[in-house]
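S.K.: File model_16.cif follows (mmCIF, C-alpha atoms, pLDDT in the B column; chains and numbers go by the auth columns):
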```cif
data_query
#
loop_
_atom_site.group_PDB
_atom_site.id
_atom_site.type_symbol
_atom_site.label_atom_id
_atom_site.label_comp_id
_atom_site.label_asym_id
_atom_site.label_seq_id
_atom_site.Cartn_x
_atom_site.Cartn_y
_atom_site.Cartn_z
_atom_site.B_iso_or_equiv
_atom_site.auth_seq_id
_atom_site.auth_asym_id
ATOM 1 C CA GLN A 1 -151.223 -94.151 22.790 79.00 1 M
ATOM 2 C CA VAL A 2 -152.512 -97.386 24.267 88.00 2 M
ATOM 3 C CA GLN A 3 -156.007 -97.963 25.559 94.00 3 M
ATOM 4 C CA LEU A 4 -156.761 -100.936 27.779 97.00 4 M
ATOM 5 C CA VAL A 5 -160.167 -102.367 28.618 97.00 5 M
ATOM 6 C CA GLU A 6 -160.538 -105.113 31.204 98.00 6 M
ATOM 7 C CA SER A 7 -163.468 -107.499 31.380 98.00 7 M
ATOM 8 C CA GLY A 8 -164.525 -110.691 33.083 98.00 8 M
ATOM 9 C CA GLY A 9 -164.811 -109.591 36.673 98.00 9 M
ATOM 10 C CA LYS A 10 -167.839 -110.733 38.644 98.00 10 M
ATOM 11 C CA LEU A 11 -169.094 -112.180 41.905 98.00 11 M
ATOM 12 C CA VAL A 12 -167.929 -115.762 42.470 98.00 12 M
ATOM 13 C CA GLN A 13 -167.707 -118.171 45.379 98.00 13 M
ATOM 14 C CA ALA A 14 -164.557 -119.273 47.135 98.00 14 M
ATOM 15 C CA GLY A 15 -162.876 -122.072 45.214 97.00 15 M
ATOM 16 C CA ASP A 16 -164.216 -120.923 41.854 98.00 16 M
ATOM 17 C CA SER A 17 -162.131 -120.010 38.833 98.00 17 M
ATOM 18 C CA LEU A 18 -162.329 -116.878 36.744 98.00 18 M
ATOM 19 C CA ARG A 19 -160.552 -115.551 33.675 98.00 19 M
ATOM 20 C CA LEU A 20 -160.024 -111.854 33.177 98.00 20 M
ATOM 21 C CA SER A 21 -159.308 -110.340 29.795 98.00 21 M
ATOM 22 C CA CYS A 22 -157.674 -107.098 28.820 98.00 22 M
ATOM 23 C CA ALA A 23 -158.126 -105.856 25.281 97.00 23 M
ATOM 24 C CA ALA A 24 -155.582 -103.347 24.044 96.00 24 M
ATOM 25 C CA SER A 25 -155.764 -100.900 21.213 93.00 25 M
ATOM 26 C CA GLY A 26 -152.734 -99.552 19.462 80.00 26 M
ATOM 27 C CA ARG A 27 -150.016 -101.014 17.321 73.00 27 M
ATOM 28 C CA THR A 28 -147.491 -101.486 20.111 83.00 28 M
ATOM 29 C CA PHE A 29 -149.224 -104.218 22.090 90.00 29 M
ATOM 30 C CA SER A 30 -146.968 -107.002 20.856 91.00 30 M
ATOM 31 C CA SER A 31 -143.901 -104.955 21.794 93.00 31 M
ATOM 32 C CA ASN A 32 -144.840 -104.254 25.402 95.00 32 M
ATOM 33 C CA THR A 33 -144.689 -106.163 28.620 97.00 33 M
ATOM 34 C CA MET A 34 -148.141 -106.363 30.187 97.00 34 M
ATOM 35 C CA GLY A 35 -149.044 -106.623 33.831 98.00 35 M
ATOM 36 C CA TRP A 36 -151.942 -107.196 36.171 98.00 36 M
ATOM 37 C CA PHE A 37 -152.378 -105.354 39.442 98.00 37 M
ATOM 38 C CA ARG A 38 -155.172 -105.299 41.964 98.00 38 M
ATOM 39 C CA GLN A 39 -156.459 -103.008 44.663 98.00 39 M
ATOM 40 C CA ALA A 40 -158.674 -104.083 47.515 97.00 40 M
ATOM 41 C CA PRO A 41 -160.775 -101.604 49.501 92.00 41 M
ATOM 42 C CA GLY A 42 -158.638 -99.665 51.919 95.00 42 M
ATOM 43 C CA LYS A 43 -155.428 -101.199 50.628 97.00 43 M
ATOM 44 C CA GLU A 44 -152.689 -100.115 48.306 97.00 44 M
ATOM 45 C CA ARG A 45 -152.495 -101.379 44.766 97.00 45 M
ATOM 46 C CA GLU A 46 -150.424 -104.542 44.541 97.00 46 M
ATOM 47 C CA PHE A 47 -148.711 -106.408 41.739 98.00 47 M
ATOM 48 C CA VAL A 48 -150.256 -109.669 40.582 98.00 48 M
ATOM 49 C CA ALA A 49 -148.496 -110.909 37.453 98.00 49 M
ATOM 50 C CA ALA A 50 -146.679 -109.788 34.320 98.00 50 M
ATOM 51 C CA ILE A 51 -145.826 -111.264 30.956 98.00 51 M
ATOM 52 C CA LYS A 52 -143.067 -110.329 28.570 97.00 52 M
ATOM 53 C CA TRP A 53 -143.990 -108.872 25.192 96.00 53 M
ATOM 54 C CA SER A 54 -143.176 -112.162 23.465 95.00 54 M
ATOM 55 C CA GLY A 55 -145.036 -114.269 25.997 95.00 55 M
ATOM 56 C CA SER A 56 -141.867 -116.242 26.656 96.00 56 M
ATOM 57 C CA MET A 57 -141.514 -115.186 30.289 97.00 57 M
ATOM 58 C CA SER A 58 -143.887 -114.389 33.102 97.00 58 M
ATOM 59 C CA TYR A 59 -143.522 -113.202 36.668 97.00 59 M
ATOM 60 C CA TYR A 60 -145.846 -113.506 39.651 97.00 60 M
ATOM 61 C CA ALA A 61 -146.263 -112.120 43.099 96.00 61 M
ATOM 62 C CA ASP A 62 -145.405 -114.849 45.581 94.00 62 M
ATOM 63 C CA SER A 63 -148.954 -115.079 46.906 89.00 63 M
ATOM 64 C CA MET A 64 -150.330 -115.679 43.405 90.00 64 M
ATOM 65 C CA LYS A 65 -147.955 -118.407 42.289 90.00 65 M
ATOM 66 C CA GLY A 66 -149.669 -121.679 41.567 93.00 66 M
ATOM 67 C CA ARG A 67 -153.171 -120.183 41.461 96.00 67 M
ATOM 68 C CA PHE A 68 -152.926 -117.445 38.843 98.00 68 M
ATOM 69 C CA THR A 69 -151.672 -117.714 35.271 98.00 69 M
ATOM 70 C CA VAL A 70 -151.017 -114.820 32.933 98.00 70 M
ATOM 71 C CA SER A 71 -151.034 -115.301 29.170 98.00 71 M
ATOM 72 C CA ARG A 72 -151.352 -113.232 26.041 98.00 72 M
ATOM 73 C CA ASP A 73 -152.496 -113.503 22.465 97.00 73 M
ATOM 74 C CA ASN A 74 -150.667 -110.911 20.422 95.00 74 M
ATOM 75 C CA ALA A 75 -152.775 -111.655 17.367 95.00 75 M
ATOM 76 C CA LYS A 76 -155.825 -110.568 19.369 95.00 76 M
ATOM 77 C CA ASN A 77 -154.118 -107.768 21.291 96.00 77 M
ATOM 78 C CA THR A 78 -155.343 -109.371 24.484 97.00 78 M
ATOM 79 C CA VAL A 79 -153.799 -110.406 27.770 98.00 79 M
ATOM 80 C CA TYR A 80 -155.483 -112.796 30.164 98.00 80 M
ATOM 81 C CA LEU A 81 -155.378 -113.618 33.839 98.00 81 M
ATOM 82 C CA GLN A 82 -156.615 -117.072 34.774 98.00 82 M
ATOM 83 C CA MET A 83 -157.428 -117.248 38.470 98.00 83 M
ATOM 84 C CA ASN A 84 -158.094 -120.572 40.152 98.00 84 M
ATOM 85 C CA ASN A 85 -159.141 -121.526 43.661 97.00 85 M
ATOM 86 C CA LEU A 86 -160.234 -117.997 44.409 97.00 86 M
ATOM 87 C CA LYS A 87 -160.331 -116.832 47.995 96.00 87 M
ATOM 88 C CA PRO A 88 -162.198 -113.992 49.679 96.00 88 M
ATOM 89 C CA GLY A 89 -158.836 -112.231 50.015 95.00 89 M
ATOM 90 C CA ASP A 90 -158.680 -112.013 46.222 97.00 90 M
ATOM 91 C CA THR A 91 -161.577 -109.572 46.233 97.00 91 M
ATOM 92 C CA ALA A 92 -160.341 -106.412 44.532 98.00 92 M
ATOM 93 C CA VAL A 93 -160.487 -104.269 41.453 98.00 93 M
ATOM 94 C CA TYR A 94 -158.111 -105.805 38.922 98.00 94 M
ATOM 95 C CA TYR A 95 -156.231 -103.580 36.527 98.00 95 M
ATOM 96 C CA CYS A 96 -154.172 -104.419 33.489 98.00 96 M
ATOM 97 C CA ALA A 97 -151.316 -102.194 32.507 98.00 97 M
ATOM 98 C CA SER A 98 -148.805 -101.808 29.707 97.00 98 M
ATOM 99 C CA TYR A 99 -145.146 -100.950 29.993 95.00 99 M
ATOM 100 C CA THR A 100 -144.361 -97.445 28.900 92.00 100 M
ATOM 101 C CA ARG A 101 -141.383 -98.549 26.834 92.00 101 M
ATOM 102 C CA ALA A 102 -141.285 -101.282 24.257 93.00 102 M
ATOM 103 C CA PHE A 103 -139.091 -104.371 24.583 94.00 103 M
ATOM 104 C CA GLN A 104 -138.453 -103.863 28.290 93.00 104 M
ATOM 105 C CA TYR A 105 -138.843 -106.455 31.032 95.00 105 M
ATOM 106 C CA THR A 106 -136.838 -105.010 33.883 93.00 106 M
ATOM 107 C CA SER A 107 -138.557 -105.153 37.291 95.00 107 M
ATOM 108 C CA PRO A 108 -141.967 -106.220 35.969 95.00 108 M
ATOM 109 C CA GLY A 109 -143.430 -105.988 39.448 96.00 109 M
ATOM 110 C CA ASP A 110 -142.725 -102.275 39.696 96.00 110 M
ATOM 111 C CA SER A 111 -145.813 -100.234 38.818 96.00 111 M
ATOM 112 C CA ARG A 112 -143.615 -97.295 37.828 97.00 112 M
ATOM 113 C CA ASN A 113 -142.679 -99.142 34.644 96.00 113 M
ATOM 114 C CA TYR A 114 -146.269 -99.112 33.465 97.00 114 M
ATOM 115 C CA GLY A 115 -147.490 -96.005 31.714 95.00 115 M
ATOM 116 C CA TYR A 116 -150.883 -97.155 30.518 95.00 116 M
ATOM 117 C CA TRP A 117 -153.667 -98.479 32.681 97.00 117 M
ATOM 118 C CA GLY A 118 -157.171 -99.797 32.198 97.00 118 M
ATOM 119 C CA GLN A 119 -160.183 -98.731 34.204 97.00 119 M
ATOM 120 C CA GLY A 120 -160.313 -101.964 36.176 98.00 120 M
ATOM 121 C CA THR A 121 -162.766 -104.797 36.631 98.00 121 M
ATOM 122 C CA GLN A 122 -164.280 -105.835 39.955 98.00 122 M
ATOM 123 C CA VAL A 123 -163.747 -109.330 41.274 98.00 123 M
ATOM 124 C CA THR A 124 -165.663 -110.293 44.391 98.00 124 M
ATOM 125 C CA VAL A 125 -165.160 -113.642 46.064 98.00 125 M
ATOM 126 C CA SER A 126 -167.735 -114.698 48.624 97.00 126 M
ATOM 127 C CA SER A 127 -166.984 -117.225 51.350 94.00 127 M
#
```
Show me this structure written as structure tokens.
M.R.:
Amino acid sequence: QVQLVESGGKLVQAGDSLRLSCAASGRTFSSNTMGWFRQAPGKEREFVAAIKWSGSMSYYADSMKGRFTVSRDNAKNTVYLQMNNLKPGDTAVYYCASYTRAFQYTSPGDSRNYGYWGQGTQVTVSS
């Protein structure tokens, strides 16, 4: 069983930067691909970024490339999402998630690969 707890969300102004953290419990963290998703009010959940269990590869939604960076520290069982030049359209609840299966990196943008989810952290970007 994996438990995920996000933190770092808050109200910021457009153009600001913010780093989200996701702390994981369980011995399998370093074996699992991790992802970030977000859901804005009235919209479906969308993929943001993912990082391979080793940290050697990452994958981003097209709209996030160049502004968002995903990273992980397996020694701390934590995955991060660095967000720069935030825009009002980035306002959403951000969720981290862990792949269900270890040592898998197929289709990291597909939410169906993720079996464990955090409770989310709210990011609000004012104009």
S.K.: So, with all atoms listed in the file as the atoms that count, which of M:Glu46, M:Arg112, M:Ala75, M:Arg19 lies closest to M:Thr100?
M.R.: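 Checking each candidate against M:Thr100, we get M:Arg112 as the closest.
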S.K.: If the PyMOL selection byres ((chain M and resi 50-55) around 7) is run on the structure shown, which residues does it catch, given as an mmCIF file with C-alpha atoms, in the frame of the given file?
M.R.:
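Written output follows (selection19.cif):
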```cif
data_model
loop_
_atom_site.group_PDB
_atom_site.id
_atom_site.type_symbol
_atom_site.label_atom_id
_atom_site.label_comp_id
_atom_site.auth_asym_id
_atom_site.auth_seq_id
_atom_site.Cartn_x
_atom_site.Cartn_y
_atom_site.Cartn_z
ATOM 1 C CA SER M 30 -146.968 -107.002 20.856
ATOM 2 C CA SER M 31 -143.901 -104.955 21.794
ATOM 3 C CA ASN M 32 -144.840 -104.254 25.402
ATOM 4 C CA THR M 33 -144.689 -106.163 28.620
ATOM 5 C CA MET M 34 -148.141 -106.363 30.187
ATOM 6 C CA GLY M 35 -149.044 -106.623 33.831
ATOM 7 C CA TRP M 36 -151.942 -107.196 36.171
ATOM 8 C CA ALA M 49 -148.496 -110.909 37.453
ATOM 9 C CA SER M 56 -141.867 -116.242 26.656
ATOM 10 C CA MET M 57 -141.514 -115.186 30.289
ATOM 11 C CA SER M 58 -143.887 -114.389 33.102
ATOM 12 C CA TYR M 59 -143.522 -113.202 36.668
ATOM 13 C CA TYR M 60 -145.846 -113.506 39.651
ATOM 14 C CA VAL M 70 -151.017 -114.820 32.933
ATOM 15 C CA SER M 71 -151.034 -115.301 29.170
ATOM 16 C CA ARG M 72 -151.352 -113.232 26.041
ATOM 17 C CA PHE M 103 -139.091 -104.371 24.583
ATOM 18 C CA TYR M 105 -138.843 -106.455 31.032
ATOM 19 C CA PRO M 108 -141.967 -106.220 35.969
#
```
S.K.: Here is a test: counting only C-alpha atoms, which residue of M:Ala61, M:Gln3, M:Asp73, M:Lys43 is nearest to M:Ser107?
M.R.: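 Of all the options, M:Ala61 lies closest to M:Ser107.
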S.K.: I would like the residues chosen by the PyMOL selection byres ((chain M and resi 114) around 7) on the shown file; could you give them as a list in words?
M.R.: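 Here the PyMOL selection byres ((chain M and resi 114) around 7) matches Ala97, Ser98, Tyr99, Thr100, Ser111, Arg112, Asn113, Gly115 and Tyr116 of chain M.
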S.K.: So how far away is atom CA of M:Thr124 from atom CA of M:Gln39, in Å?
M.R.: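 Distance reported for this atom pair: 11.7 Å.
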S.K.: Taking the file as shown, what set of residues would the PyMOL selection byres ((chain M and resi 23) around 9) give back, as a ChimeraX atom specification?
M.R.: /M:3-7,21-22,24-25,76-80
S.K.: What gap, in Å, lies between atom CA of M:Gln122 and atom CA of M:Ala92?
M.R.: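 Atom-to-atom, atom CA of M:Gln122 to atom CA of M:Ala92, that is 6.1 Å.
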S.K.: If I take atom CA of M:Leu86 and atom CA of M:Phe68, how far is one from the other in Å, to one decimal?
M.R.: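 One can read the atom CA of M:Leu86 to atom CA of M:Phe68 distance as 9.2 Å.
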S.K.: From the set M:Ala14, M:Gly8, M:Met83, M:Thr28, which residue has the shortest atom-to-atom contact distance to M:Arg101, counting all atoms listed in the file?
M.R.: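 Residue with the minimum atom-to-atom distance to M:Arg101: M:Thr28.
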S.K.: Excluding M:Leu11 and its own-chain neighbours fewer than 3 positions away, which residues fall within 8 Å of it when counting all atoms listed in the file? Please give them as an mmCIF file with C-alpha atoms, keeping the file's coordinate frame.
M.R.:
```cif
data_model
loop_
_atom_site.group_PDB
_atom_site.id
_atom_site.type_symbol
_atom_site.label_atom_id
_atom_site.label_comp_id
_atom_site.auth_asym_id
_atom_site.auth_seq_id
_atom_site.Cartn_x
_atom_site.Cartn_y
_atom_site.Cartn_z
ATOM 1 C CA VAL M 123 -163.747 -109.330 41.274
ATOM 2 C CA THR M 124 -165.663 -110.293 44.391
ATOM 3 C CA VAL M 125 -165.160 -113.642 46.064
ATOM 4 C CA SER M 126 -167.735 -114.698 48.624
#
```
S.K.: Identify, on the basis of all atoms listed in the file, every residue whose closest approach to M:Tyr95 does not exceed 8 Å; exclude the query and any residue fewer than 2 positions from it along the same chain; express the result as a ChimeraX atom specification.
M.R.: /M:6,36-38,93,97,117-121
S.K.: Using all atoms listed in the file for the distances, tell me which of M:Val48, M:Leu81, M:Ala40, M:Leu20 is nearest to M:Gly109.
M.R.: M:Val48
S.K.: Using all atoms listed in the file, pick whichever of M:Pro41, M:Pro88, M:Gly66, M:Gly26 has the shortest atom-to-atom distance to M:Val2.
M.R.: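 For M:Val2, the nearest of the given residues is M:Gly26.
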S.K.: Would you compute, for all listed atoms of stretch 19-28 of chain M, the axis-aligned bounding box grown by 8 Å on each side, and then report its centre and edge lengths in Å rounded to one decimal, as lines of an AutoDock Vina configuration file?
M.R.:
```
center_x = -154.0
center_y = -107.6
center_z = 25.5
size_x = 29.1
size_y = 32.0
size_z = 32.4
```
S.K.: When you count only C-alpha atoms, which of these residues is closest to M:Asp16: M:Ala102, M:Gln1, M:Thr69, M:Gln82?
M.R.: M:Gln82
S.K.: Just write stretch 60-73 of chain M with all heavy atoms, as a PDB file, in the first residue's frame, taken from the block above.
M.R.:
```
ATOM      1  N   TYR M  60       6.036  15.266 -20.119  1.00  0.00           N
ATOM      2  CA  TYR M  60       5.188  16.403 -19.796  1.00  0.00           C
ATOM      3  C   TYR M  60       4.049  16.544 -20.787  1.00  0.00           C
ATOM      4  O   TYR M  60       4.191  16.238 -21.973  1.00  0.00           O
ATOM      5  CB  TYR M  60       6.005  17.700 -19.818  1.00  0.00           C
ATOM      6  CG  TYR M  60       7.108  17.745 -18.803  1.00  0.00           C
ATOM      7  CD1 TYR M  60       8.382  17.275 -19.111  1.00  0.00           C
ATOM      8  CD2 TYR M  60       6.875  18.257 -17.532  1.00  0.00           C
ATOM      9  CE1 TYR M  60       9.395  17.302 -18.173  1.00  0.00           C
ATOM     10  CE2 TYR M  60       7.895  18.303 -16.590  1.00  0.00           C
ATOM     11  CZ  TYR M  60       9.146  17.822 -16.917  1.00  0.00           C
ATOM     12  OH  TYR M  60      10.156  17.864 -15.981  1.00  0.00           O
ATOM     13  N   ALA M  61       2.959  17.076 -20.293  1.00  0.00           N
ATOM     14  CA  ALA M  61       1.906  17.517 -21.200  1.00  0.00           C
ATOM     15  C   ALA M  61       2.459  18.690 -22.005  1.00  0.00           C
ATOM     16  O   ALA M  61       3.261  19.482 -21.492  1.00  0.00           O
ATOM     17  CB  ALA M  61       0.676  17.943 -20.403  1.00  0.00           C
ATOM     18  N   ASP M  62       2.042  18.793 -23.230  1.00  0.00           N
ATOM     19  CA  ASP M  62       2.595  19.818 -24.129  1.00  0.00           C
ATOM     20  C   ASP M  62       2.471  21.225 -23.535  1.00  0.00           C
ATOM     21  O   ASP M  62       3.386  22.046 -23.663  1.00  0.00           O
ATOM     22  CB  ASP M  62       1.893  19.756 -25.481  1.00  0.00           C
ATOM     23  CG  ASP M  62       2.311  18.547 -26.293  1.00  0.00           C
ATOM     24  OD1 ASP M  62       3.353  17.943 -25.963  1.00  0.00           O
ATOM     25  OD2 ASP M  62       1.589  18.198 -27.253  1.00  0.00           O
ATOM     26  N   SER M  63       1.369  21.502 -22.893  1.00  0.00           N
ATOM     27  CA  SER M  63       1.134  22.855 -22.385  1.00  0.00           C
ATOM     28  C   SER M  63       1.997  23.186 -21.167  1.00  0.00           C
ATOM     29  O   SER M  63       2.092  24.344 -20.773  1.00  0.00           O
ATOM     30  CB  SER M  63      -0.340  23.036 -22.039  1.00  0.00           C
ATOM     31  OG  SER M  63      -0.719  22.111 -21.045  1.00  0.00           O
ATOM     32  N   MET M  64       2.629  22.174 -20.591  1.00  0.00           N
ATOM     33  CA  MET M  64       3.454  22.382 -19.400  1.00  0.00           C
ATOM     34  C   MET M  64       4.945  22.459 -19.724  1.00  0.00           C
ATOM     35  O   MET M  64       5.744  22.897 -18.890  1.00  0.00           O
ATOM     36  CB  MET M  64       3.258  21.245 -18.403  1.00  0.00           C
ATOM     37  CG  MET M  64       1.854  20.767 -18.223  1.00  0.00           C
ATOM     38  SD  MET M  64       0.724  22.012 -17.616  1.00  0.00           S
ATOM     39  CE  MET M  64      -0.823  21.102 -17.748  1.00  0.00           C
ATOM     40  N   LYS M  65       5.308  22.004 -20.899  1.00  0.00           N
ATOM     41  CA  LYS M  65       6.730  21.965 -21.249  1.00  0.00           C
ATOM     42  C   LYS M  65       7.352  23.350 -21.181  1.00  0.00           C
ATOM     43  O   LYS M  65       6.789  24.325 -21.648  1.00  0.00           O
ATOM     44  CB  LYS M  65       6.901  21.387 -22.656  1.00  0.00           C
ATOM     45  CG  LYS M  65       6.611  19.912 -22.759  1.00  0.00           C
ATOM     46  CD  LYS M  65       6.798  19.419 -24.191  1.00  0.00           C
ATOM     47  CE  LYS M  65       6.486  17.950 -24.304  1.00  0.00           C
ATOM     48  NZ  LYS M  65       6.605  17.461 -25.703  1.00  0.00           N
ATOM     49  N   GLY M  66       8.516  23.402 -20.576  1.00  0.00           N
ATOM     50  CA  GLY M  66       9.238  24.663 -20.475  1.00  0.00           C
ATOM     51  C   GLY M  66       8.904  25.471 -19.237  1.00  0.00           C
ATOM     52  O   GLY M  66       9.675  26.348 -18.852  1.00  0.00           O
ATOM     53  N   ARG M  67       7.770  25.206 -18.609  1.00  0.00           N
ATOM     54  CA  ARG M  67       7.389  25.938 -17.398  1.00  0.00           C
ATOM     55  C   ARG M  67       7.422  25.060 -16.159  1.00  0.00           C
ATOM     56  O   ARG M  67       7.717  25.538 -15.064  1.00  0.00           O
ATOM     57  CB  ARG M  67       5.987  26.532 -17.545  1.00  0.00           C
ATOM     58  CG  ARG M  67       5.865  27.625 -18.583  1.00  0.00           C
ATOM     59  CD  ARG M  67       4.560  28.381 -18.421  1.00  0.00           C
ATOM     60  NE  ARG M  67       3.396  27.523 -18.506  1.00  0.00           N
ATOM     61  CZ  ARG M  67       2.449  27.456 -17.570  1.00  0.00           C
ATOM     62  NH1 ARG M  67       2.539  28.183 -16.469  1.00  0.00           N
ATOM     63  NH2 ARG M  67       1.400  26.659 -17.735  1.00  0.00           N
ATOM     64  N   PHE M  68       7.098  23.776 -16.328  1.00  0.00           N
ATOM     65  CA  PHE M  68       7.028  22.865 -15.198  1.00  0.00           C
ATOM     66  C   PHE M  68       8.184  21.861 -15.267  1.00  0.00           C
ATOM     67  O   PHE M  68       8.565  21.425 -16.357  1.00  0.00           O
ATOM     68  CB  PHE M  68       5.708  22.091 -15.212  1.00  0.00           C
ATOM     69  CG  PHE M  68       4.486  22.931 -14.903  1.00  0.00           C
ATOM     70  CD1 PHE M  68       4.547  24.305 -14.826  1.00  0.00           C
ATOM     71  CD2 PHE M  68       3.267  22.309 -14.692  1.00  0.00           C
ATOM     72  CE1 PHE M  68       3.423  25.070 -14.543  1.00  0.00           C
ATOM     73  CE2 PHE M  68       2.130  23.057 -14.403  1.00  0.00           C
ATOM     74  CZ  PHE M  68       2.207  24.437 -14.335  1.00  0.00           C
ATOM     75  N   THR M  69       8.690  21.493 -14.106  1.00  0.00           N
ATOM     76  CA  THR M  69       9.742  20.490 -14.017  1.00  0.00           C
ATOM     77  C   THR M  69       9.418  19.513 -12.897  1.00  0.00           C
ATOM     78  O   THR M  69       9.170  19.926 -11.761  1.00  0.00           O
ATOM     79  CB  THR M  69      11.105  21.128 -13.732  1.00  0.00           C
ATOM     80  OG1 THR M  69      11.415  22.088 -14.753  1.00  0.00           O
ATOM     81  CG2 THR M  69      12.198  20.060 -13.710  1.00  0.00           C
ATOM     82  N   VAL M  70       9.424  18.238 -13.239  1.00  0.00           N
ATOM     83  CA  VAL M  70       9.183  17.199 -12.246  1.00  0.00           C
ATOM     84  C   VAL M  70      10.521  16.591 -11.847  1.00  0.00           C
ATOM     85  O   VAL M  70      11.416  16.413 -12.683  1.00  0.00           O
ATOM     86  CB  VAL M  70       8.210  16.128 -12.786  1.00  0.00           C
ATOM     87  CG1 VAL M  70       8.762  15.435 -14.025  1.00  0.00           C
ATOM     88  CG2 VAL M  70       7.865  15.119 -11.701  1.00  0.00           C
ATOM     89  N   SER M  71      10.664  16.289 -10.575  1.00  0.00           N
ATOM     90  CA  SER M  71      11.885  15.665 -10.070  1.00  0.00           C
ATOM     91  C   SER M  71      11.520  14.776  -8.893  1.00  0.00           C
ATOM     92  O   SER M  71      10.394  14.828  -8.391  1.00  0.00           O
ATOM     93  CB  SER M  71      12.913  16.723  -9.651  1.00  0.00           C
ATOM     94  OG  SER M  71      12.407  17.533  -8.607  1.00  0.00           O
ATOM     95  N   ARG M  72      12.479  13.980  -8.468  1.00  0.00           N
ATOM     96  CA  ARG M  72      12.217  13.101  -7.333  1.00  0.00           C
ATOM     97  C   ARG M  72      13.491  12.888  -6.537  1.00  0.00           C
ATOM     98  O   ARG M  72      14.600  12.963  -7.082  1.00  0.00           O
ATOM     99  CB  ARG M  72      11.623  11.775  -7.783  1.00  0.00           C
ATOM    100  CG  ARG M  72      12.539  10.912  -8.616  1.00  0.00           C
ATOM    101  CD  ARG M  72      11.760   9.728  -9.238  1.00  0.00           C
ATOM    102  NE  ARG M  72      11.226   8.840  -8.211  1.00  0.00           N
ATOM    103  CZ  ARG M  72      10.228   7.974  -8.434  1.00  0.00           C
ATOM    104  NH1 ARG M  72       9.675   7.909  -9.625  1.00  0.00           N
ATOM    105  NH2 ARG M  72       9.811   7.185  -7.459  1.00  0.00           N
ATOM    106  N   ASP M  73      13.284  12.597  -5.270  1.00  0.00           N
ATOM    107  CA  ASP M  73      14.388  12.248  -4.379  1.00  0.00           C
ATOM    108  C   ASP M  73      13.997  10.928  -3.734  1.00  0.00           C
ATOM    109  O   ASP M  73      13.203  10.907  -2.772  1.00  0.00           O
ATOM    110  CB  ASP M  73      14.587  13.347  -3.333  1.00  0.00           C
ATOM    111  CG  ASP M  73      15.806  13.098  -2.464  1.00  0.00           C
ATOM    112  OD1 ASP M  73      16.249  11.934  -2.370  1.00  0.00           O
ATOM    113  OD2 ASP M  73      16.299  14.047  -1.856  1.00  0.00           O
TER     114      ASP M  73
END
```
